[in-house]
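Take a look at the structure below.
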Amino acid sequence: MSARILAVTTGRILRQLRHDRRTVALLVVVPTVLLTLVYFMYVDQPAPPGQPSLFDRVALVMLGFFPFIIMFLVTSIAMLRERTTGTLERLLTTPLGKLDLLFGYGIAFGLAGAAQATIASAAAYWLFDLETAGSVWLVVMIAAVNAVLAVALGLLCSAFARTEFQAVQFMPVVVLPQLLLCGLFVPRGEMAGWLQAISDAFPLSYAVEALQEVGAHAEPTSTMWRDVAIVGGAAVLALVLAAATLRRRNG
């Protein structure tokens, strides 16, 4: 990969994103609206003595999950449009390589995910009084890495879709099982053995665990850093696989 080409590609994608007002609204407004719903769902729920409130536990995980689901949806459709409109085929006749393009997407949407996580975290901490033992910036960092993972998985899945409807159909296959088994609803250690094995294979499980570590510990832990490294490694692997399966245009 060329650093110059990667920078130009990232800039092009960010400019496209900036001019898409609906996508910007989806990235900026929707997470805060959903957090508001979560707040009013759990604000009056009692917490066990010595334990964080139910809102604190759920909202902290949601701050990592919102970038995951939104970035997966936006990226898979954006790349599909690049193929169906012929933009991708024209781009790949230039010195731009597949890895340059896909890593450019990863960086651009990762930055968008960081901005999204920052805004959502600001709302959670300062409007809804979310309390965590660790720093808010660690939460933002984990959410941004999670956004890059979602971008990578979205790019990988979009290679197997011919229409936007097909791209959306990958959500219940890729996103929902990870949500159900990430430890939000049932602690992973209390799952049946085969469910825990599946959960251990899902990168979102490690993102959730990293956020829970921030919620419980004032300082970054080795477990948190290990989990962040696993999520980042999964994102890089997915981007490489996406480059290997990327087609110039739909058949």
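Following the order of the structure tokens, first chain is A, next is B, and so on, with residues numbered from 1 inside each chain and ligands from 1 in the order they appear.
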
Spatial neighbours of stretch 53-56 of chain A, 6 Å, only C-alpha atoms, chain gap at least 2 places, as a PDB file with N, CA, C and O atoms, in the first residue's frame:
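Saved the output as result.pdb:
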```pdb
ATOM      1  N   TYR A  42     -34.612   2.221  31.678  1.00  0.00           N
ATOM      2  CA  TYR A  42     -33.925   1.647  32.832  1.00  0.00           C
ATOM      3  C   TYR A  42     -33.707   2.612  33.986  1.00  0.00           C
ATOM      4  O   TYR A  42     -33.197   2.200  35.028  1.00  0.00           O
ATOM      5  N   ALA A  47     -30.975  -1.261  41.303  1.00  0.00           N
ATOM      6  CA  ALA A  47     -29.740  -2.022  41.116  1.00  0.00           C
ATOM      7  C   ALA A  47     -29.420  -2.759  42.407  1.00  0.00           C
ATOM      8  O   ALA A  47     -29.721  -2.272  43.499  1.00  0.00           O
ATOM      9  N   VAL A  58     -26.053  -1.405  30.714  1.00  0.00           N
ATOM     10  CA  VAL A  58     -26.576  -1.553  29.354  1.00  0.00           C
ATOM     11  C   VAL A  58     -26.060  -0.450  28.444  1.00  0.00           C
ATOM     12  O   VAL A  58     -25.611  -0.710  27.317  1.00  0.00           O
ATOM     13  N   ALA A  59     -26.089   0.793  28.898  1.00  0.00           N
ATOM     14  CA  ALA A  59     -25.676   1.917  28.056  1.00  0.00           C
ATOM     15  C   ALA A  59     -24.209   1.815  27.678  1.00  0.00           C
ATOM     16  O   ALA A  59     -23.825   2.161  26.559  1.00  0.00           O
ATOM     17  N   LEU A  60     -23.375   1.346  28.604  1.00  0.00           N
ATOM     18  CA  LEU A  60     -21.950   1.209  28.305  1.00  0.00           C
ATOM     19  C   LEU A  60     -21.730   0.259  27.138  1.00  0.00           C
ATOM     20  O   LEU A  60     -20.940   0.544  26.231  1.00  0.00           O
ATOM     21  N   LEU A 130     -24.185   8.712  32.984  1.00  0.00           N
ATOM     22  CA  LEU A 130     -23.538   7.404  32.946  1.00  0.00           C
ATOM     23  C   LEU A 130     -22.283   7.439  33.811  1.00  0.00           C
ATOM     24  O   LEU A 130     -21.508   8.396  33.753  1.00  0.00           O
TER      25      LEU A 130
END
```

_Considering only helix (DSSP H, G or I) as DSSP defines it on the backbone, what residues of stretch 132-167 of chain A qualify? List them as an MDAnalysis selection string._
chainID A and resid 136:158 164:167

Contact check, stretch 83-184 of chain A to stretch 191-203 of chain A, at most 12 Å, counting only C-alpha atoms, closest pairs as JSON lines:
```
{"residue": "A:Val145", "atom": "CA", "partner": "A:Pro203", "partner_atom": "CA", "distance": 11.0}
{"residue": "A:Asn146", "atom": "CA", "partner": "A:Pro203", "partner_atom": "CA", "distance": 8.9}
{"residue": "A:Ala147", "atom": "CA", "partner": "A:Pro203", "partner_atom": "CA", "distance": 11.8}
{"residue": "A:Val148", "atom": "CA", "partner": "A:Pro203", "partner_atom": "CA", "distance": 11.8}
{"residue": "A:Leu149", "atom": "CA", "partner": "A:Pro203", "partner_atom": "CA", "distance": 8.3}
{"residue": "A:Ala150", "atom": "CA", "partner": "A:Pro203", "partner_atom": "CA", "distance": 10.0}
{"residue": "A:Ala152", "atom": "CA", "partner": "A:Pro203", "partner_atom": "CA", "distance": 11.9}
{"residue": "A:Leu153", "atom": "CA", "partner": "A:Pro203", "partner_atom": "CA", "distance": 10.7}
{"residue": "A:Val174", "atom": "CA", "partner": "A:Phe202", "partner_atom": "CA", "distance": 9.6}
{"residue": "A:Val175", "atom": "CA", "partner": "A:Phe202", "partner_atom": "CA", "distance": 9.9}
{"residue": "A:Leu176", "atom": "CA", "partner": "A:Phe202", "partner_atom": "CA", "distance": 11.2}
{"residue": "A:Pro177", "atom": "CA", "partner": "A:Ser199", "partner_atom": "CA", "distance": 8.8}
{"residue": "A:Gln178", "atom": "CA", "partner": "A:Phe202", "partner_atom": "CA", "distance": 6.2}
{"residue": "A:Leu179", "atom": "CA", "partner": "A:Phe202", "partner_atom": "CA", "distance": 9.6}
{"residue": "A:Leu180", "atom": "CA", "partner": "A:Ser199", "partner_atom": "CA", "distance": 9.0}
{"residue": "A:Leu181", "atom": "CA", "partner": "A:Ser199", "partner_atom": "CA", "distance": 5.4}
{"residue": "A:Cys182", "atom": "CA", "partner": "A:Ser199", "partner_atom": "CA", "distance": 6.3}
{"residue": "A:Gly183", "atom": "CA", "partner": "A:Ser199", "partner_atom": "CA", "distance": 8.3}
{"residue": "A:Leu184", "atom": "CA", "partner": "A:Ser199", "partner_atom": "CA", "distance": 11.5}
```

*asked:* Let me make sure I understand: among A:Gly64, A:Gly233, A:Pro31, A:Pro52, which one has the smallest atom-to-atom distance to A:Leu138 if we use only C-alpha atoms?
replied: A:Gly64
